[in-house]
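Let me begin by presenting the structure, written as structure tokens, before commenting on it.
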Amino acid sequence: RFRPFFSVLDCTEPAGVDAFTVDWGTWGNAFFHPPVGLVAKVLRYAECCGAKGLLVVPDWPASVYMARLREKEQEGKVMLVLRFRPELEAPRWMKSAVFRGIPKFDFLAYSLDF
């Protein structure tokens, strides 16, 4: 089944550039990997829509979104399913080395069931 893909970057055939304009509760199991600055907003909107899926975020314990994730874990609405450290690759046109190599922090994958 087709899952809509939203991106503000130039890429092939996104469904749109603003995922917050559609109801995520109608997607079935979705994959969420938002920019760090949008993680808290993604959590709020996913809960409003009754979304289900997988959320991938950096493991930054002192971040605002981690406090929200811990709160939702206690409520039984999210569950940590995987901790991993990927090797990152970036397109050649991206000059920043931030998205290349092995990061100094883990990533976390959470199952969402709002």
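Identifiers in the structure tokens: chain A, B, ... in order shown; residue index from 1 per chain; ligand index from 1 in order shown.
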Next item on the list: For stretch 79-96 of chain A, list every protein, DNA or RNA residue within 10 Å, evaluated using only C-alpha atoms, and leave out those in the same chain fewer than 4 positions away; present the list as a list in words.
Entry: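 With the cut-off at 10 Å, the set is Leu54, Leu55, Val56, Val57, Pro58, Asp59, Leu69, Arg70, Lys72, Glu73, Gln74, Glu75, Arg100, Gly101, Ile102, Pro103, Lys104, Phe105, Asp106, Phe107, Leu108, Ala109, Tyr110, Ser111, Leu112 and Asp113 of chain A.
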Would you mind exporting N, CA, C and O atoms of the selected residues as a tab-separated table (two decimals), in the first residue's frame?
```
chain	number	residue	atom	x	y	z
A	54	LEU	N	6.38	4.08	13.40
A	54	LEU	CA	7.72	4.04	13.94
A	54	LEU	C	8.33	5.44	13.87
A	54	LEU	O	8.32	6.07	12.81
A	55	LEU	N	8.86	5.91	14.99
A	55	LEU	CA	9.51	7.22	15.08
A	55	LEU	C	10.99	6.99	15.35
A	55	LEU	O	11.35	6.29	16.28
A	56	VAL	N	11.85	7.60	14.53
A	56	VAL	CA	13.30	7.50	14.72
A	56	VAL	C	13.84	8.87	15.10
A	56	VAL	O	13.57	9.86	14.41
A	57	VAL	N	14.57	8.92	16.23
A	57	VAL	CA	15.11	10.18	16.75
A	57	VAL	C	16.53	9.95	17.28
A	57	VAL	O	16.88	8.84	17.67
A	58	PRO	N	17.34	11.02	17.34
A	58	PRO	CA	18.65	10.90	17.99
A	58	PRO	C	18.46	10.69	19.49
A	58	PRO	O	17.52	11.20	20.09
A	59	ASP	N	19.36	9.95	20.10
A	59	ASP	CA	19.32	9.73	21.55
A	59	ASP	C	20.03	10.89	22.23
A	59	ASP	O	21.22	10.82	22.52
A	69	LEU	N	8.79	11.92	25.17
A	69	LEU	CA	8.78	10.49	24.86
A	69	LEU	C	8.70	9.64	26.13
A	69	LEU	O	7.95	8.66	26.19
A	70	ARG	N	9.45	10.03	27.16
A	70	ARG	CA	9.40	9.29	28.43
A	70	ARG	C	8.00	9.35	29.04
A	70	ARG	O	7.47	8.36	29.55
A	72	LYS	N	5.16	9.73	27.38
A	72	LYS	CA	4.26	8.88	26.57
A	72	LYS	C	4.57	7.40	26.77
A	72	LYS	O	3.68	6.55	26.65
A	73	GLU	N	5.83	7.07	27.08
A	73	GLU	CA	6.18	5.68	27.41
A	73	GLU	C	5.46	5.23	28.68
A	73	GLU	O	4.92	4.12	28.73
A	74	GLN	N	5.44	6.08	29.68
A	74	GLN	CA	4.75	5.76	30.95
A	74	GLN	C	3.25	5.59	30.73
A	74	GLN	O	2.62	4.81	31.42
A	75	GLU	N	2.70	6.32	29.77
A	75	GLU	CA	1.27	6.19	29.44
A	75	GLU	C	0.99	4.97	28.58
A	75	GLU	O	-0.16	4.65	28.31
A	100	ARG	N	27.68	12.51	7.54
A	100	ARG	CA	28.57	11.50	6.97
A	100	ARG	C	29.28	10.75	8.08
A	100	ARG	O	29.61	11.31	9.11
A	101	GLY	N	29.50	9.47	7.86
A	101	GLY	CA	30.25	8.67	8.81
A	101	GLY	C	29.39	8.15	9.96
A	101	GLY	O	28.18	8.08	9.87
A	102	ILE	N	30.05	7.79	11.04
A	102	ILE	CA	29.36	7.23	12.19
A	102	ILE	C	29.22	8.33	13.25
A	102	ILE	O	30.21	8.89	13.69
A	103	PRO	N	27.98	8.64	13.64
A	103	PRO	CA	27.78	9.71	14.62
A	103	PRO	C	28.30	9.30	16.00
A	103	PRO	O	28.52	8.13	16.28
A	104	LYS	N	28.46	10.30	16.88
A	104	LYS	CA	28.94	10.05	18.23
A	104	LYS	C	27.80	9.74	19.20
A	104	LYS	O	28.00	9.71	20.40
A	105	PHE	N	26.62	9.56	18.67
A	105	PHE	CA	25.45	9.28	19.50
A	105	PHE	C	24.60	8.21	18.84
A	105	PHE	O	24.70	7.99	17.63
A	106	ASP	N	23.77	7.55	19.63
A	106	ASP	CA	22.86	6.53	19.11
A	106	ASP	C	21.59	7.17	18.57
A	106	ASP	O	21.28	8.33	18.85
A	107	PHE	N	20.84	6.38	17.84
A	107	PHE	CA	19.49	6.74	17.42
A	107	PHE	C	18.54	5.77	18.11
A	107	PHE	O	18.92	4.65	18.45
A	108	LEU	N	17.32	6.22	18.33
A	108	LEU	CA	16.31	5.40	18.98
A	108	LEU	C	15.11	5.25	18.05
A	108	LEU	O	14.72	6.21	17.39
A	109	ALA	N	14.53	4.06	18.03
A	109	ALA	CA	13.32	3.82	17.26
A	109	ALA	C	12.21	3.49	18.25
A	109	ALA	O	12.36	2.58	19.09
A	110	TYR	N	11.14	4.25	18.17
A	110	TYR	CA	9.98	4.08	19.06
A	110	TYR	C	8.76	3.65	18.25
A	110	TYR	O	8.50	4.20	17.19
A	111	SER	N	8.04	2.71	18.79
A	111	SER	CA	6.75	2.33	18.23
A	111	SER	C	5.71	3.28	18.81
A	111	SER	O	5.63	3.45	20.02
A	112	LEU	N	4.93	3.92	17.93
A	112	LEU	CA	3.87	4.83	18.36
A	112	LEU	C	2.52	4.14	18.20
A	112	LEU	O	2.27	3.49	17.18
A	113	ASP	N	1.67	4.28	19.19
A	113	ASP	CA	0.32	3.73	19.08
A	113	ASP	C	-0.63	4.67	19.83
A	113	ASP	O	-0.99	4.44	20.97
```
Identify, on the basis of only C-alpha atoms, every residue whose closest approach to stretch 32-46 of chain A does not exceed 8 Å; exclude the query and any residue fewer than 2 positions from it along the same chain; express the result as a short mmCIF file (atom, residue, chain, number, x, y, z; two decimals) with all heavy atoms, in the first residue's frame.
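Once written, part.cif looks like this:
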```
data_model
loop_
_atom_site.label_atom_id
_atom_site.label_comp_id
_atom_site.auth_asym_id
_atom_site.auth_seq_id
_atom_site.Cartn_x
_atom_site.Cartn_y
_atom_site.Cartn_z
N PHE A 20 1.90 18.21 8.08
CA PHE A 20 0.96 18.59 9.13
C PHE A 20 -0.38 19.06 8.58
O PHE A 20 -1.25 19.49 9.33
CB PHE A 20 1.58 19.68 10.02
CG PHE A 20 2.81 19.20 10.74
CD1 PHE A 20 4.07 19.58 10.31
CD2 PHE A 20 2.71 18.37 11.85
CE1 PHE A 20 5.21 19.14 10.97
CE2 PHE A 20 3.84 17.92 12.51
CZ PHE A 20 5.09 18.30 12.07
N TRP A 24 -2.80 11.90 9.87
CA TRP A 24 -1.89 10.75 9.95
C TRP A 24 -2.59 9.50 10.45
O TRP A 24 -2.10 8.39 10.27
CB TRP A 24 -0.72 11.05 10.87
CG TRP A 24 0.15 12.19 10.42
CD1 TRP A 24 0.07 12.86 9.23
CD2 TRP A 24 1.21 12.78 11.15
NE1 TRP A 24 1.04 13.84 9.19
CE2 TRP A 24 1.74 13.82 10.35
CE3 TRP A 24 1.76 12.56 12.38
CZ2 TRP A 24 2.81 14.61 10.76
CZ3 TRP A 24 2.82 13.34 12.80
CH2 TRP A 24 3.34 14.35 11.99
N GLY A 25 -3.74 9.63 11.05
CA GLY A 25 -4.45 8.48 11.57
C GLY A 25 -5.00 7.57 10.48
O GLY A 25 -5.37 6.43 10.73
N ALA A 30 2.91 4.17 9.95
CA ALA A 30 3.71 5.16 9.23
C ALA A 30 5.15 5.17 9.76
O ALA A 30 5.44 4.61 10.82
CB ALA A 30 3.09 6.54 9.39
N CYS A 48 -2.72 13.74 18.28
CA CYS A 48 -4.00 14.35 17.86
C CYS A 48 -4.68 13.52 16.78
O CYS A 48 -5.91 13.41 16.77
CB CYS A 48 -3.77 15.76 17.32
SG CYS A 48 -3.50 16.97 18.60
N CYS A 49 -3.89 12.96 15.87
CA CYS A 49 -4.45 12.20 14.75
C CYS A 49 -4.71 10.74 15.08
O CYS A 49 -5.31 10.02 14.28
CB CYS A 49 -3.50 12.26 13.55
SG CYS A 49 -3.36 13.87 12.79
N GLY A 50 -4.20 10.27 16.22
CA GLY A 50 -4.33 8.85 16.53
C GLY A 50 -3.44 8.00 15.64
O GLY A 50 -3.82 6.91 15.23
N ALA A 51 -2.24 8.50 15.36
CA ALA A 51 -1.32 7.82 14.44
C ALA A 51 -0.65 6.61 15.07
O ALA A 51 -0.50 6.52 16.29
CB ALA A 51 -0.26 8.81 13.97
N LYS A 52 -0.25 5.71 14.21
CA LYS A 52 0.53 4.53 14.59
C LYS A 52 1.74 4.48 13.67
O LYS A 52 1.68 4.90 12.52
CB LYS A 52 -0.28 3.25 14.42
CG LYS A 52 -1.45 3.17 15.35
CD LYS A 52 -2.22 1.90 15.15
CE LYS A 52 -3.42 1.97 16.07
NZ LYS A 52 -3.97 0.71 16.38
N GLY A 53 2.85 3.95 14.18
CA GLY A 53 4.01 3.81 13.33
C GLY A 53 5.31 3.77 14.10
O GLY A 53 5.34 3.49 15.30
N LEU A 54 6.38 4.08 13.40
CA LEU A 54 7.72 4.04 13.94
C LEU A 54 8.33 5.44 13.87
O LEU A 54 8.32 6.07 12.81
CB LEU A 54 8.58 3.06 13.15
CG LEU A 54 9.95 2.75 13.72
CD1 LEU A 54 9.81 1.89 14.98
CD2 LEU A 54 10.80 2.03 12.69
N LEU A 55 8.86 5.91 14.99
CA LEU A 55 9.51 7.22 15.08
C LEU A 55 10.99 6.99 15.35
O LEU A 55 11.35 6.29 16.28
CB LEU A 55 8.90 8.04 16.21
CG LEU A 55 9.61 9.34 16.58
CD1 LEU A 55 9.46 10.37 15.47
CD2 LEU A 55 9.07 9.88 17.90
N VAL A 56 11.85 7.60 14.53
CA VAL A 56 13.30 7.50 14.72
C VAL A 56 13.84 8.87 15.10
O VAL A 56 13.57 9.86 14.41
CB VAL A 56 13.99 6.99 13.43
CG1 VAL A 56 15.50 6.98 13.60
CG2 VAL A 56 13.49 5.59 13.08
N VAL A 57 14.57 8.92 16.23
CA VAL A 57 15.11 10.18 16.75
C VAL A 57 16.53 9.95 17.28
O VAL A 57 16.88 8.84 17.67
CB VAL A 57 14.23 10.76 17.88
CG1 VAL A 57 12.86 11.12 17.38
CG2 VAL A 57 14.15 9.81 19.06
N PRO A 58 17.34 11.02 17.34
CA PRO A 58 18.65 10.90 17.99
C PRO A 58 18.46 10.69 19.49
O PRO A 58 17.52 11.20 20.09
CB PRO A 58 19.31 12.26 17.73
CG PRO A 58 18.54 12.89 16.64
CD PRO A 58 17.15 12.34 16.71
N VAL A 64 14.16 18.30 24.81
CA VAL A 64 12.75 18.46 25.19
C VAL A 64 11.93 17.26 24.72
O VAL A 64 11.08 16.74 25.45
CB VAL A 64 12.17 19.76 24.61
CG1 VAL A 64 10.68 19.85 24.82
CG2 VAL A 64 12.88 20.96 25.21
N TYR A 65 12.20 16.79 23.51
CA TYR A 65 11.39 15.69 22.98
C TYR A 65 11.60 14.40 23.76
O TYR A 65 10.70 13.57 23.86
CB TYR A 65 11.60 15.48 21.48
CG TYR A 65 12.98 15.00 21.07
CD1 TYR A 65 13.35 13.67 21.16
CD2 TYR A 65 13.89 15.89 20.52
CE1 TYR A 65 14.59 13.24 20.76
CE2 TYR A 65 15.14 15.47 20.10
CZ TYR A 65 15.49 14.14 20.22
OH TYR A 65 16.71 13.72 19.81
N ARG A 68 9.20 14.29 26.61
CA ARG A 68 7.85 13.97 26.09
C ARG A 68 7.74 12.49 25.76
O ARG A 68 6.73 11.85 26.04
CB ARG A 68 7.58 14.83 24.85
CG ARG A 68 6.25 14.65 24.25
CD ARG A 68 5.34 15.81 24.59
NE ARG A 68 4.17 15.77 23.71
CZ ARG A 68 2.96 15.55 24.17
NH1 ARG A 68 2.75 15.40 25.45
NH2 ARG A 68 1.95 15.51 23.34
N PHE A 114 -0.99 5.74 19.14
CA PHE A 114 -1.86 6.75 19.77
C PHE A 114 -3.30 6.45 19.52
O PHE A 114 -4.04 6.21 19.01
CB PHE A 114 -1.53 8.16 19.28
CG PHE A 114 -0.22 8.67 19.82
CD1 PHE A 114 0.86 8.84 18.99
CD2 PHE A 114 -0.08 8.94 21.17
CE1 PHE A 114 2.07 9.32 19.49
CE2 PHE A 114 1.12 9.43 21.67
CZ PHE A 114 2.19 9.62 20.81
#
```
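Straight-line separation from atom CA of A:Phe31 to atom CA of A:Ala19: 12.0 Å.
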Notebook entry, point to check: chain A: which residues are alpha helix (DSSP H) by DSSP, as a list of chain:residue names?
Noted result: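 Result set for chain A (alpha helix (DSSP H)): A:Val39, A:Ala40, A:Lys41, A:Val42, A:Leu43, A:Arg44, A:Tyr45, A:Ala46, A:Glu47, A:Cys48, A:Cys49, A:Val64, A:Tyr65, A:Met66, A:Ala67, A:Arg68, A:Leu69, A:Arg70, A:Glu71, A:Lys72, A:Glu73, A:Gln74.
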Note to self: Between atom CA of A:Thr21 and atom CA of A:Glu47, what distance in Å does the model show, to one decimal?
What the structure shows: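 Going from atom CA of A:Thr21 over to atom CA of A:Glu47 covers 14.5 Å.
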Note to self: Quick check, in Å to one decimal: how far apart do atom CA of A:Val98 and atom CA of A:Ala62 lie?
What the structure shows: 20.0 Å
